[in-house]
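Next up, protein_0.txt (compact mmCIF, C-alpha atoms and all ligand atoms):
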# COMPACT_ATOMS: atom_id res chain seq x y z
CA MET A 19 7.82 -24.08 48.82
CA ASP A 20 6.38 -21.21 50.83
CA ARG A 21 9.33 -19.31 52.25
CA ARG A 22 7.27 -16.50 53.73
CA THR A 23 7.36 -15.89 57.46
CA PRO A 24 4.07 -16.11 59.41
CA GLU A 25 4.07 -12.31 59.58
CA GLN A 26 4.34 -12.00 55.82
CA ILE A 27 1.53 -14.49 55.35
CA HIS A 28 -0.61 -12.55 57.79
CA LEU A 29 0.14 -9.31 55.99
CA ASN A 30 -0.83 -10.86 52.66
CA MET A 31 -4.08 -12.12 54.13
CA SER A 32 -5.00 -8.78 55.62
CA ALA A 33 -4.14 -7.07 52.33
CA ILE A 34 -7.08 -8.91 50.80
CA HIS A 35 -9.39 -6.76 52.89
CA SER A 36 -7.84 -3.47 51.92
CA LYS A 37 -8.21 -1.44 48.76
CA ASP A 38 -6.20 -1.91 45.58
CA THR A 39 -5.33 -5.52 46.23
CA LYS A 40 -3.57 -7.19 43.38
CA PRO A 41 -6.46 -9.36 42.09
CA GLU A 42 -8.69 -6.30 41.94
CA MET A 43 -6.03 -4.36 40.03
CA VAL A 44 -5.79 -7.17 37.48
CA VAL A 45 -9.51 -6.87 36.80
CA ARG A 46 -9.45 -3.08 36.75
CA LYS A 47 -6.56 -2.85 34.30
CA TYR A 48 -8.17 -5.34 31.96
CA LEU A 49 -11.58 -3.65 31.96
CA TRP A 50 -10.04 -0.24 31.45
CA ARG A 51 -7.96 -1.49 28.53
CA CYS A 52 -11.10 -2.96 26.94
CA GLY A 53 -12.96 0.33 27.27
CA PHE A 54 -15.24 -0.60 30.17
CA ARG A 55 -15.62 2.28 32.58
CA TYR A 56 -16.38 1.83 36.26
CA ARG A 57 -16.62 3.45 39.65
CA LEU A 58 -14.75 2.12 42.66
CA SER A 59 -16.32 0.87 45.90
CA HIS A 60 -19.59 2.73 45.49
CA LYS A 61 -20.52 3.85 49.01
CA ARG A 62 -24.26 4.09 48.50
CA LEU A 63 -24.71 0.53 47.26
CA PRO A 64 -25.08 -2.44 49.62
CA GLY A 65 -21.77 -4.17 50.27
CA ARG A 66 -19.74 -1.39 48.63
CA PRO A 67 -19.04 -3.38 45.45
CA ASP A 68 -15.40 -3.24 44.33
CA LEU A 69 -16.35 -2.08 40.84
CA VAL A 70 -19.62 -0.62 39.62
CA LEU A 71 -20.38 -0.38 35.91
CA THR A 72 -23.39 1.89 35.72
CA LYS A 73 -23.82 1.52 31.96
CA TYR A 74 -24.05 -2.25 32.42
CA ARG A 75 -26.07 -2.06 35.62
CA THR A 76 -23.48 -4.42 37.08
CA CYS A 77 -21.53 -4.74 40.31
CA ILE A 78 -18.32 -6.71 40.38
CA PHE A 79 -16.89 -8.24 43.52
CA VAL A 80 -13.32 -9.46 43.46
CA ASN A 81 -13.24 -11.92 46.32
CA GLY A 82 -10.36 -13.42 48.23
CA CYS A 83 -10.89 -17.20 48.35
CA PHE A 84 -9.99 -17.50 52.01
CA TRP A 85 -12.10 -14.70 53.47
CA HIS A 86 -15.15 -15.48 51.38
CA GLY A 87 -14.87 -19.28 51.70
CA HIS A 88 -14.66 -20.15 48.01
CA ASN A 89 -16.13 -23.62 47.35
CA ILE A 90 -16.68 -24.23 51.03
CA SER A 91 -20.11 -25.10 52.25
CA PHE A 92 -20.48 -24.93 55.96
CA ASP A 93 -22.52 -27.27 58.04
CA HIS A 94 -23.44 -24.89 60.82
CA LYS A 95 -23.70 -27.64 63.42
CA SER A 96 -20.24 -29.00 62.91
CA LEU A 97 -16.71 -27.73 62.65
CA ASP A 98 -15.75 -30.75 60.60
CA ILE A 99 -15.36 -28.89 57.35
CA GLU A 100 -13.51 -29.93 54.27
CA ASN A 101 -11.09 -27.46 52.82
CA SER A 102 -11.43 -26.53 49.20
CA ALA A 103 -8.49 -26.22 46.82
CA CYS A 104 -8.20 -22.50 47.49
CA CYS A 105 -9.67 -22.08 50.98
CA LYS A 106 -7.91 -23.89 53.77
CA ILE A 107 -9.30 -23.19 57.19
CA PRO A 108 -6.63 -23.13 59.88
CA LYS A 109 -6.70 -26.01 62.34
CA THR A 110 -5.95 -23.72 65.26
CA ASN A 111 -8.78 -21.45 66.37
CA ARG A 112 -10.98 -23.38 63.98
CA GLU A 113 -14.21 -22.28 65.60
CA PHE A 114 -13.23 -18.63 65.22
CA TRP A 115 -12.36 -19.00 61.54
CA VAL A 116 -15.43 -21.03 60.71
CA LYS A 117 -17.68 -18.42 62.32
CA LYS A 118 -15.89 -15.58 60.63
CA ILE A 119 -15.94 -17.07 57.16
CA THR A 120 -19.54 -18.27 57.53
CA ARG A 121 -20.57 -14.76 58.47
CA ASN A 122 -18.78 -13.37 55.42
CA GLN A 123 -20.55 -15.86 53.17
CA GLU A 124 -23.93 -14.99 54.64
CA ARG A 125 -23.25 -11.30 54.18
CA ASP A 126 -22.13 -11.84 50.58
CA LEU A 127 -25.42 -13.58 49.84
CA GLU A 128 -27.47 -10.87 51.54
CA VAL A 129 -25.67 -8.13 49.63
CA LYS A 130 -26.28 -9.87 46.31
CA GLN A 131 -29.96 -10.34 47.07
CA LYS A 132 -30.31 -6.66 47.94
CA LEU A 133 -28.50 -5.55 44.80
CA ASN A 134 -30.55 -7.89 42.60
CA ALA A 135 -33.73 -6.51 44.14
CA MET A 136 -32.49 -3.03 43.17
CA GLY A 137 -32.01 -4.18 39.59
CA TRP A 138 -28.25 -4.67 39.66
CA ASN A 139 -26.45 -7.66 38.19
CA CYS A 140 -23.71 -9.08 40.37
CA ILE A 141 -20.56 -10.79 39.17
CA THR A 142 -18.11 -12.41 41.57
CA ILE A 143 -14.57 -12.99 40.48
CA TRP A 144 -12.48 -15.25 42.66
CA GLU A 145 -8.85 -14.65 43.40
CA CYS A 146 -7.96 -18.20 42.27
CA GLU A 147 -9.55 -17.54 38.88
CA LEU A 148 -7.03 -14.77 38.35
CA LYS A 149 -3.95 -16.94 38.73
CA PRO A 150 -1.73 -16.56 35.65
CA THR A 151 -2.89 -19.86 34.10
CA LYS A 152 -6.59 -19.00 34.40
CA ARG A 153 -6.46 -15.23 34.17
CA GLU A 154 -6.94 -14.74 30.45
CA ALA A 155 -9.96 -17.07 30.26
CA THR A 156 -11.55 -15.48 33.35
CA LEU A 157 -11.16 -11.94 32.03
CA GLN A 158 -12.42 -12.83 28.58
CA SER A 159 -15.48 -14.47 30.04
CA LEU A 160 -16.05 -11.39 32.19
CA ALA A 161 -16.04 -9.15 29.12
CA PHE A 162 -18.36 -11.58 27.34
CA THR A 163 -20.77 -11.60 30.28
CA LEU A 164 -20.81 -7.80 30.46
CA ASN A 165 -21.66 -7.55 26.76
CA GLU A 166 -24.43 -10.13 27.19
CA ILE A 167 -25.84 -8.12 30.09
CA PHE A 168 -25.73 -4.96 27.99
CA LEU A 169 -27.65 -6.63 25.17
CA GLN A 170 -30.27 -7.94 27.57
CA ASN A 171 -30.68 -4.67 29.44
CA TYR A 172 -31.20 -2.61 26.35
CA ARG A 173 -32.97 -5.28 24.31
CA VAL A 174 -30.80 -4.60 21.31
CA LYS A 175 -31.93 -7.06 18.67
CA PRO A 176 -29.44 -8.85 16.44
CA PHE A 177 -29.15 -7.27 13.00
CA ASP A 178 -30.95 -10.08 11.13
CA GLU A 179 -34.02 -9.62 13.31
CA GLN A 180 -34.15 -5.94 12.50
CA GLU A 181 -33.63 -6.36 8.78
CA PRO A 182 -37.16 -7.32 7.62
CA LEU A 183 -38.70 -4.31 9.39
CA HIS A 184 -36.07 -2.06 7.90
CA LEU A 185 -36.69 -3.36 4.36
CA VAL A 186 -40.45 -2.90 4.56
CA ALA A 187 -39.98 0.67 5.70
CA ALA A 188 -37.50 1.40 2.92
CA GLU A 189 -39.38 -0.11 -0.05
CA PRO A 190 -42.11 1.82 -1.90
CA LYS A 191 -45.53 0.80 -0.60
CA SER A 192 -46.91 -0.32 -4.01
CA ASP A 193 -44.40 -3.20 -4.24
CA TYR A 194 -46.14 -4.83 -1.30
CA ASP A 195 -49.68 -3.80 -2.09
CA ASP A 196 -51.63 -6.72 -3.68
CA SER A 197 -54.73 -4.60 -4.40
CA SER A 198 -52.88 -2.57 -7.06
CA GLN A 199 -52.42 -5.59 -9.35
ZN ZN A 201 -10.91 -19.86 44.89

How does the structure come out when it is put into structure tokens?
Amino acid sequence: MDRRTPEQIHLNMSAIHSKDTKPEMVVRKYLWRCGFRYRLSHKRLPGRPDLVLTKYRTCIFVNGCFWHGHNISFDHKSLDIENSACCKIPKTNREFWVKKITRNQERDLEVKQKLNAMGWNCITIWECELKPTKREATLQSLAFTLNEIFLQNYRVKPFDEQEPLHLVAAEPKSDYDDSSQ
């Protein structure tokens, strides 16, 4: 049961917009512990991504499900919108909320397109994916994705693909030279 007063709920909602919100801290602590280094809300990049990992050419957005309309697709002609499990649009002032959240979604998309065009990868982590039951899996998959991106960016080949080249270079030439026999 939610025992919070409306004021507390409002405060929690507005906290999602400010810096150092809890979900973002969860991601930051994990990445730091795993040795990933990042910059915070990079001012010169579109959308001021929450975390920027230059070495991985990756921006990470930690999004609040309500403000960014997680799993909600808006029909712009109608206010008859179905809530998702983690984004429930208030019944009062519905038009206001729908407009606001739609605008946020559109801006999120624009920002990602701009960053992609600049050669940045974008990863969005949703607040609901950081709930205690899902947290570990979410963070592990984030680390996995970052490592995949790193491999792709730098075209590091797996060891077994490098091996034949390495062997040829290391062996004396005559062993491979048919004309000498
Ligand atoms: Zn969500």

Requested in this report: Compile the contact shell of Cys146 (chain A) as an MDAnalysis selection string: residues with an atom at most 7 Å away, counting all atoms listed in the file, same-chain residues fewer than 3 positions apart removed.
Outcome: chainID A and resid 83 104 149

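Across the structure, CA of Glu124 (chain A) and CA of Arg153 (chain A) are spaced 26.9 Å apart.
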
Requested in this report: Would you mind telling me which residue in A:Asn139, A:Ser91, A:Gln131, A:Gln170 lies nearest to Val116 (chain A) when using all atoms listed in the file?
Outcome: A:Ser91

Query - Test item: residues no farther than 10 Å from ligand ZN 201 (chain A), counting all atoms listed in the file, as number ranges by chain - result: A: 81-84, 86-90, 102-105, 143-149

**Report entry** 10 Å contact set for Arg57 (chain A), all atoms listed in the file, chain neighbours under 6 positions out, as a list in words
**Finding:**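 Once the nearby chain positions are removed, what remains is Pro67, Asp68, Leu69, Val70, Leu71, Thr72 and Cys77 of chain A.
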
Requested in this report: Could you tell me how far CA of Thr156 (chain A) lies from CA of Glu100 (chain A), in Å and to one decimal?
Outcome: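 About the pair CA of Thr156 (chain A) and CA of Glu100 (chain A): they are 25.5 Å apart.
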
Please determine an axis-aligned box that encloses all atoms of region 64-71 of chain A listed in the file, with 3 Å added on each side, and express its centre and edge lengths in Å to one decimal as JSON.
{"center_x": -20.2, "center_y": -2.3, "center_z": 43.1, "size_x": 15.7, "size_y": 9.8, "size_z": 20.4}

Requested in this report: Take CA of Ser59 (chain A) and CA of Tyr172 (chain A) and report the distance between them in Å, one decimal.
Outcome: 24.8 Å

**Report entry** Which residue of A:Trp115, A:Thr110, A:Leu157, A:Lys130 approaches Val44 (chain A) most closely, using all atoms listed in the file
**Finding:** A:Leu157

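Among A:Trp85, A:Gln158, A:His60, A:Lys117, the residue with the shortest atom-to-atom distance to Ile99 (chain A), counting only C-alpha atoms, is A:Lys117.
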